[in-house]
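Student: This is the structure, below, for whatever I ask next.
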Amino acid sequence: MTTAIHTTFLVRPLPAGLLAAVRETGRDAAGQPVERCTAEGGEPLRCCLRDATPGEPLLLFGYAPPPAAGPYREVGPIFAHDADCLGPELAGGYPAHWRGRPQVLRAYDRRGRIHGGRLHDGHDPEGVIAALLADPAVVALHSRNVVYGCYMFTVERAHD
């Protein structure tokens with residue numbers, strides 16, 4: 001007998017309020033100045049969860065995803081649009097532009113501590129997400145770039 005795992009989840013891009021503050025202050029999570037640059041093409045944008053096209057005005061800055069304090073706090077480089085954008089198209093749940101891209105999903109518990117994780121090849125991210133969220137101790141997942149380790153987005157359980 002097989003048991004199907006069904007978990008409804010939400011993909012969370014970079015928080016809009018945080019991005020607005022970075023744009024306004026010109027400072028990142030470590031208090032460093034942001035870098036304004038022009039996309040070469042392919043930079044993963046954390047505001048709209050797609051890759052940049054050549055010529056787009058971007059910001060490159062340090063971001064500290066939750067947990068924001070404690071020994072598991074990390075600050076890493078991310079790209080976002082330099083001006084407001086429409087945000088991600090998440091009709092299918094997982095970012096369509098990044099389907100097929102291998103990622104690491106790192107699981108976190110209520111204390112903000114790492115609670116396991118898995119690599120997925122990008123072809124069935126929902127299956128890996130469902131398996132990780134099936135553990136009741138897991139409250140959030142961070143999707144991370146396989147090569148650079150950079151934060152991409154957060155996944156949480158959807159609440160009815």
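Chain labels run A, B, ... following the order of the structure tokens; each chain numbers its residues from 1, and ligands are numbered from 1 in the order shown.
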I need the residues in segment 1-130 of chain A that are alpha helix (DSSP H) according to DSSP; give them as an NGL selection string.
Tutor: :A and (16-25 or 125-130)
Student: As a CSV table (one decimal) with N, CA and C atoms, in the first residue's frame, which residues of chain A does DSSP assign to strand (DSSP E)?
Tutor:
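And here's states35.csv as it stands now:
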```csv
chain,number,residue,atom,x,y,z
A,9,PHE,N,1.3,24.3,-0.4
A,9,PHE,CA,2.4,25.2,0.1
A,9,PHE,C,2.3,26.6,-0.6
A,10,LEU,N,3.0,27.6,0.0
A,10,LEU,CA,3.1,28.9,-0.5
A,10,LEU,C,4.6,29.2,-0.8
A,11,VAL,N,4.9,29.8,-1.9
A,11,VAL,CA,6.2,30.2,-2.2
A,11,VAL,C,6.3,31.7,-1.9
A,12,ARG,N,7.2,32.1,-1.1
A,12,ARG,CA,7.3,33.5,-0.7
A,12,ARG,C,8.6,34.1,-1.3
A,35,GLU,N,24.6,47.7,-4.4
A,35,GLU,CA,25.3,48.0,-5.7
A,35,GLU,C,24.2,48.0,-6.7
A,36,ARG,N,24.2,49.1,-7.5
A,36,ARG,CA,23.3,49.2,-8.6
A,36,ARG,C,24.1,48.7,-9.8
A,37,CYS,N,23.4,47.9,-10.6
A,37,CYS,CA,24.1,47.3,-11.8
A,37,CYS,C,23.1,47.1,-12.9
A,38,THR,N,23.6,46.7,-14.1
A,38,THR,CA,22.8,46.4,-15.2
A,38,THR,C,22.9,44.9,-15.5
A,44,PRO,N,19.4,35.6,-11.0
A,44,PRO,CA,18.1,35.2,-10.4
A,44,PRO,C,17.5,36.3,-9.6
A,45,LEU,N,16.3,36.8,-9.9
A,45,LEU,CA,15.7,37.9,-9.3
A,45,LEU,C,14.8,37.4,-8.1
A,50,ARG,N,12.3,35.1,-11.3
A,50,ARG,CA,12.7,34.7,-12.6
A,50,ARG,C,14.1,35.2,-12.9
A,51,ASP,N,14.7,34.8,-14.0
A,51,ASP,CA,16.0,35.3,-14.3
A,51,ASP,C,15.9,36.7,-15.0
A,57,PRO,N,17.8,47.2,-15.0
A,57,PRO,CA,18.5,47.8,-13.9
A,57,PRO,C,18.2,46.9,-12.6
A,58,LEU,N,19.3,46.6,-11.9
A,58,LEU,CA,19.2,45.7,-10.8
A,58,LEU,C,19.9,46.3,-9.5
A,59,LEU,N,19.5,45.7,-8.4
A,59,LEU,CA,20.3,45.9,-7.2
A,59,LEU,C,20.9,44.6,-6.8
A,60,LEU,N,22.1,44.7,-6.3
A,60,LEU,CA,22.8,43.5,-5.7
A,60,LEU,C,23.1,43.9,-4.2
A,61,PHE,N,22.6,43.1,-3.3
A,61,PHE,CA,22.8,43.4,-1.9
A,61,PHE,C,22.7,42.2,-1.0
A,62,GLY,N,23.2,42.3,0.2
A,62,GLY,CA,23.2,41.3,1.2
A,62,GLY,C,21.8,41.2,1.9
A,63,TYR,N,21.3,39.9,1.9
A,63,TYR,CA,20.0,39.7,2.5
A,63,TYR,C,20.1,38.6,3.6
A,76,GLY,N,23.7,36.8,2.7
A,76,GLY,CA,24.2,36.4,1.4
A,76,GLY,C,23.7,37.3,0.3
A,77,PRO,N,24.4,37.3,-0.9
A,77,PRO,CA,24.1,38.2,-1.9
A,77,PRO,C,22.9,37.8,-2.7
A,78,ILE,N,22.0,38.7,-3.1
A,78,ILE,CA,20.9,38.5,-3.9
A,78,ILE,C,20.7,39.6,-4.9
A,79,PHE,N,20.0,39.3,-6.0
A,79,PHE,CA,19.6,40.3,-7.0
A,79,PHE,C,18.1,40.6,-6.9
A,80,ALA,N,17.7,41.9,-7.2
A,80,ALA,CA,16.3,42.2,-7.3
A,80,ALA,C,16.3,43.4,-8.2
A,81,HIS,N,15.1,43.7,-8.7
A,81,HIS,CA,14.9,44.9,-9.6
A,81,HIS,C,15.2,46.1,-8.8
A,103,GLN,N,17.9,22.7,-7.2
A,103,GLN,CA,18.0,23.5,-6.0
A,103,GLN,C,18.2,22.7,-4.8
A,104,VAL,N,18.7,23.3,-3.7
A,104,VAL,CA,18.7,22.7,-2.4
A,104,VAL,C,17.5,23.2,-1.6
A,105,LEU,N,16.8,22.4,-1.0
A,105,LEU,CA,15.7,22.8,-0.1
A,105,LEU,C,16.2,22.6,1.3
A,106,ARG,N,16.4,23.6,2.1
A,106,ARG,CA,16.9,23.5,3.5
A,106,ARG,C,15.7,23.7,4.4
A,107,ALA,N,15.4,22.8,5.3
A,107,ALA,CA,14.3,22.8,6.2
A,107,ALA,C,14.7,23.5,7.5
A,108,TYR,N,13.7,24.3,8.1
A,108,TYR,CA,14.0,25.0,9.4
A,108,TYR,C,12.8,24.7,10.3
A,114,ILE,N,18.3,24.7,11.4
A,114,ILE,CA,18.2,23.8,10.3
A,114,ILE,C,17.7,22.4,10.8
A,115,HIS,N,16.7,21.9,10.1
A,115,HIS,CA,16.1,20.6,10.4
A,115,HIS,C,16.1,19.7,9.2
A,116,GLY,N,17.2,19.5,8.5
A,116,GLY,CA,17.4,18.7,7.4
A,116,GLY,C,17.2,19.4,6.1
A,117,GLY,N,17.1,18.7,5.0
A,117,GLY,CA,17.0,19.3,3.7
A,117,GLY,C,17.3,18.3,2.6
A,118,ARG,N,17.0,18.7,1.4
A,118,ARG,CA,17.3,17.8,0.2
A,118,ARG,C,17.6,18.6,-1.0
A,119,LEU,N,18.3,17.9,-1.9
A,119,LEU,CA,18.6,18.4,-3.2
A,119,LEU,C,17.5,17.9,-4.1
A,120,HIS,N,17.0,18.8,-5.0
A,120,HIS,CA,16.1,18.3,-6.1
A,120,HIS,C,16.6,18.7,-7.4
A,140,ALA,N,9.4,25.9,7.7
A,140,ALA,CA,9.7,26.6,6.5
A,140,ALA,C,10.9,26.0,5.8
A,141,LEU,N,10.9,26.2,4.5
A,141,LEU,CA,12.0,25.7,3.6
A,141,LEU,C,12.6,26.9,2.9
A,142,HIS,N,14.0,26.9,2.8
A,142,HIS,CA,14.6,27.9,2.0
A,142,HIS,C,15.1,27.1,0.7
A,143,SER,N,14.8,27.7,-0.4
A,143,SER,CA,15.3,27.2,-1.7
A,143,SER,C,16.6,27.9,-1.9
A,144,ARG,N,17.7,27.2,-2.2
A,144,ARG,CA,19.0,27.7,-2.4
A,144,ARG,C,19.7,27.3,-3.7
A,145,ASN,N,20.4,28.1,-4.3
A,145,ASN,CA,21.2,27.8,-5.4
A,145,ASN,C,22.2,26.7,-5.1
A,151,TYR,N,20.4,32.2,-1.2
A,151,TYR,CA,19.0,32.1,-0.9
A,151,TYR,C,18.2,32.5,-2.2
A,152,MET,N,17.1,31.7,-2.5
A,152,MET,CA,16.3,32.0,-3.7
A,152,MET,C,14.9,32.5,-3.2
A,153,PHE,N,14.2,31.7,-2.4
A,153,PHE,CA,12.9,32.0,-1.9
A,153,PHE,C,12.6,31.1,-0.7
A,154,THR,N,11.5,31.4,0.0
A,154,THR,CA,11.0,30.6,1.1
A,154,THR,C,9.7,29.8,0.7
A,155,VAL,N,9.6,28.6,1.3
A,155,VAL,CA,8.4,27.8,1.1
A,155,VAL,C,7.8,27.6,2.5
A,156,GLU,N,6.5,27.8,2.6
A,156,GLU,CA,5.7,27.5,3.8
A,156,GLU,C,4.5,26.8,3.5
A,157,ARG,N,4.0,26.1,4.6
A,157,ARG,CA,2.7,25.4,4.4
A,157,ARG,C,1.6,26.5,4.2
```
Student: From the options A:Leu86, A:Val34, A:Ala131, A:Ala29, which residue's atoms come nearest to Ala16 of chain A, counting only C-alpha atoms?
Tutor: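 Counting only C-alpha atoms, the residue closest to Ala16 of chain A is A:Leu86.
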Student: Quick check, in Å to one decimal: how far apart do atom CA of Leu19 of chain A and atom CA of Arg111 of chain A lie?
Tutor: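 If I compute the distance from atom CA of Leu19 of chain A to atom CA of Arg111 of chain A, I get 24.6 Å.
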Student: Taking only C-alpha atoms into account, name the residue in A:Arg113, A:Cys85, A:Gly55, A:Arg101 that is nearest to Tyr72 of chain A.
Tutor: A:Arg113
